[in-house]
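> Please see the structure below; I have some questions.
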Amino acid sequence: MNFFFGIKHKNFSSKIQIPLFKNNSKINSKLKVFSAKIKKNEWVIKKIENKNDNDFCIINEKSIDNEIFFFLATKDDLKNFNSKEIVNLNNFTSTSPAFRANLCVSLRDSYGFSSYQSEYPLKMIQKKGSILSSLYTLTNVDADQNILILRNIYKKPIKEKFNGYIIDINRKKILKKIELLTNQTNYVELSKNLITPENYFYTDRFLGIPLFLVRKKDDLSLEHTHPLHEYILDKKKYDLVSKIKKKFYEIII
């Protein structure tokens, strides 16, 4: 099961396009799109009315905020919904090749836009952990604006503070400490001096998807980094990743 999210920012708007079909089957007319948000320490869901077409659900900005996420489900699926913990309701979006939605982010004051597939997998919401991501590979020191976006979705309906760090691995030094929130889209403006090959973004307790939104005049780029183990082909890749992350953890403690 996958979840989907948008971006709400003073300089940018967004919309989400979610297919009501998958790559090996016809449209499931029973599937509907629902939003989920925390209210009074519980998950509260709401059906999203689809007034666009029969093949896709288009979620416009008025339905998007930085605390909401979306998912596909049928009426029968919702019988297993748990207001205290997000559980797997169906396997409709668990496909190979991967099920893809589309998140389109646009400039509010111009025509510039960029798109990204915004799936947030169930396995990520079920556990805690740490993120390690380069600040250099998907940013642009010559751009007008570089924004690190961290979206966290955690299974429990909690708003909990946790820390992110920008770390110079060569000097083993914390350059910036950032307060983040669970179950929210977090934004971090990156100054040009932070965009160097030796600087990394690291979180210490919760997972999330790091996105990099880069603006130069009216042009936008929106990309995400992958977990470290996806870059390593060795059979012992998870052990290698643990050793790498341990070096960063030793810097923050």
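If you're wondering about the labels, chains in the structure tokens are A, B, ... by order shown, residues count from 1 in each chain, ligands from 1 in order shown.
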Just asking: which residues within segment 19-138 of chain A are strand (DSSP E or B) according to DSSP, as JSON, numbers by chain?
{"A": [19, 32, 33, 34, 35, 36, 37, 38, 39, 42, 43, 44, 45, 46, 47, 48, 56, 57, 58, 59, 69, 70, 71, 72, 73, 102, 103, 104, 105, 106, 107, 113, 114, 115, 116, 119, 120, 121, 132, 133, 134]}
> Please return as an NGL selection string: the residues of segment 14-247 of chain A that backbone DSSP assigns to helix (DSSP H, G or I).
:A and (61-63 or 77-80 or 122-125 or 192-194 or 228-231 or 237-247)
> Considering only C-alpha atoms, return as a PyMOL selection string whatever protein or nucleic-acid residues lie within 6 Å of segment 138-151 of chain A, sequence-local ones (same chain, fewer than 2 positions apart) excluded.
chain A and resi 136+184-190+192+208-216
> If you measure from atom CA of Cys57 of chain A to atom CA of Asn24 of chain A, what distance in Å do you get, rounded to one decimal?
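Between atom CA of Cys57 of chain A and atom CA of Asn24 of chain A the gap is 18.5 Å.
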> How many Å lie between atom CA of His9 of chain A and atom CA of Ile48 of chain A, rounded to one decimal?
21.3 Å
> Please, what distance in Å, to one decimal, runs between atom CA of Leu103 of chain A and atom CA of Leu222 of chain A?
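Interatomic distance, atom CA of Leu103 of chain A to atom CA of Leu222 of chain A: 9.6 Å.
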> Identify, on the basis of only C-alpha atoms, every residue whose closest approach to Asn41 of chain A does not exceed 9 Å; exclude the query and any residue fewer than 4 positions from it along the same chain; express the result as a PyMOL selection string.
chain A and resi 83-84+156-159
> What does the file look like for those residues with N, CA, C and O atoms, as a PDB file, in the first residue's frame?

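And here's out_38.pdb as it stands now:
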```
ATOM      1  N   SER A  83      -8.150   4.071  13.695  1.00  0.00           N
ATOM      2  CA  SER A  83      -7.912   5.492  13.958  1.00  0.00           C
ATOM      3  C   SER A  83      -6.683   5.737  14.825  1.00  0.00           C
ATOM      4  O   SER A  83      -6.216   6.876  14.942  1.00  0.00           O
ATOM      5  N   LYS A  84      -6.132   4.672  15.420  1.00  0.00           N
ATOM      6  CA  LYS A  84      -4.959   4.805  16.284  1.00  0.00           C
ATOM      7  C   LYS A  84      -3.663   4.385  15.611  1.00  0.00           C
ATOM      8  O   LYS A  84      -2.580   4.648  16.123  1.00  0.00           O
ATOM      9  N   LYS A 156       1.529   6.168  13.782  1.00  0.00           N
ATOM     10  CA  LYS A 156       0.773   6.659  14.929  1.00  0.00           C
ATOM     11  C   LYS A 156       0.324   8.108  14.708  1.00  0.00           C
ATOM     12  O   LYS A 156       1.074   8.901  14.124  1.00  0.00           O
ATOM     13  N   PRO A 157      -0.851   8.494  15.171  1.00  0.00           N
ATOM     14  CA  PRO A 157      -1.334   9.877  14.999  1.00  0.00           C
ATOM     15  C   PRO A 157      -0.689  10.824  16.016  1.00  0.00           C
ATOM     16  O   PRO A 157      -1.336  11.318  16.941  1.00  0.00           O
ATOM     17  N   ILE A 158       0.595  11.057  15.828  1.00  0.00           N
ATOM     18  CA  ILE A 158       1.338  11.886  16.770  1.00  0.00           C
ATOM     19  C   ILE A 158       2.029  13.035  16.046  1.00  0.00           C
ATOM     20  O   ILE A 158       2.420  12.919  14.889  1.00  0.00           O
ATOM     21  N   LYS A 159       2.153  14.140  16.745  1.00  0.00           N
ATOM     22  CA  LYS A 159       2.963  15.269  16.301  1.00  0.00           C
ATOM     23  C   LYS A 159       4.153  15.343  17.250  1.00  0.00           C
ATOM     24  O   LYS A 159       4.043  15.876  18.352  1.00  0.00           O
TER      25      LYS A 159
END
```
> Have a look at A:Ile45, A:Ala98, A:Leu175, A:Leu228 and name the one nearest to Asn193 of chain A; count only C-alpha atoms.
A:Leu175
> Which is closest to Phe71 of chain A among A:Phe21, A:Phe4, A:Phe99, A:Trp43, if we use only C-alpha atoms?
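Answer, going by the shortest atom-to-atom distance: A:Phe4.
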> What's around Lys75 of chain A at 8 Å? Count only C-alpha atoms, leave out sequence neighbours fewer than 4 positions away in its own chain, and write the answer as a list of chain:residue names.
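With the cut-off at 8 Å, the set is A:Lys30, A:Leu31, A:Lys79.
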> If we count only C-alpha atoms, what is near Lys155 of chain A at a cut-off of 6 Å, once residues fewer than 5 positions away on the same chain are taken out, given as a VMD selection string?
chain A and resid 85 to 86 125 to 126
> List the spatial neighbours of Lys127 of chain A as a list in words - criterion: any atom at most 9 Å away, only C-alpha atoms, same-chain residues fewer than 3 positions off excluded.
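That gives Lys123, Met124, Tyr154, Lys155, Phe206 and Leu207 of chain A.
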> Between A:Lys37, A:Lys177, A:Lys237, A:Lys26, which residue has the minimum interatomic distance to Asn54 of chain A, considering only C-alpha atoms?
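Using only C-alpha atoms, the shortest distance to Asn54 of chain A belongs to A:Lys26.
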> Rank nothing, just name the residue among A:Tyr120, A:Phe113, A:Tyr200, A:Phe92 nearest to Asn2 of chain A, using only C-alpha atoms.
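Smallest distance to Asn2 of chain A is found for A:Tyr120.
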> Find the residue from A:Ser118, A:Tyr111, A:Phe56, A:Thr93 that sits nearest to Gly6 of chain A; use only C-alpha atoms when measuring.
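With only C-alpha atoms as the atom set, the closest residue is A:Ser118.
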> For a quick check of understanding, using only C-alpha atoms, which of A:Ile58, A:Ile166, A:Val105, A:Ile195 has the smallest distance to Ile131 of chain A?
A:Ile166
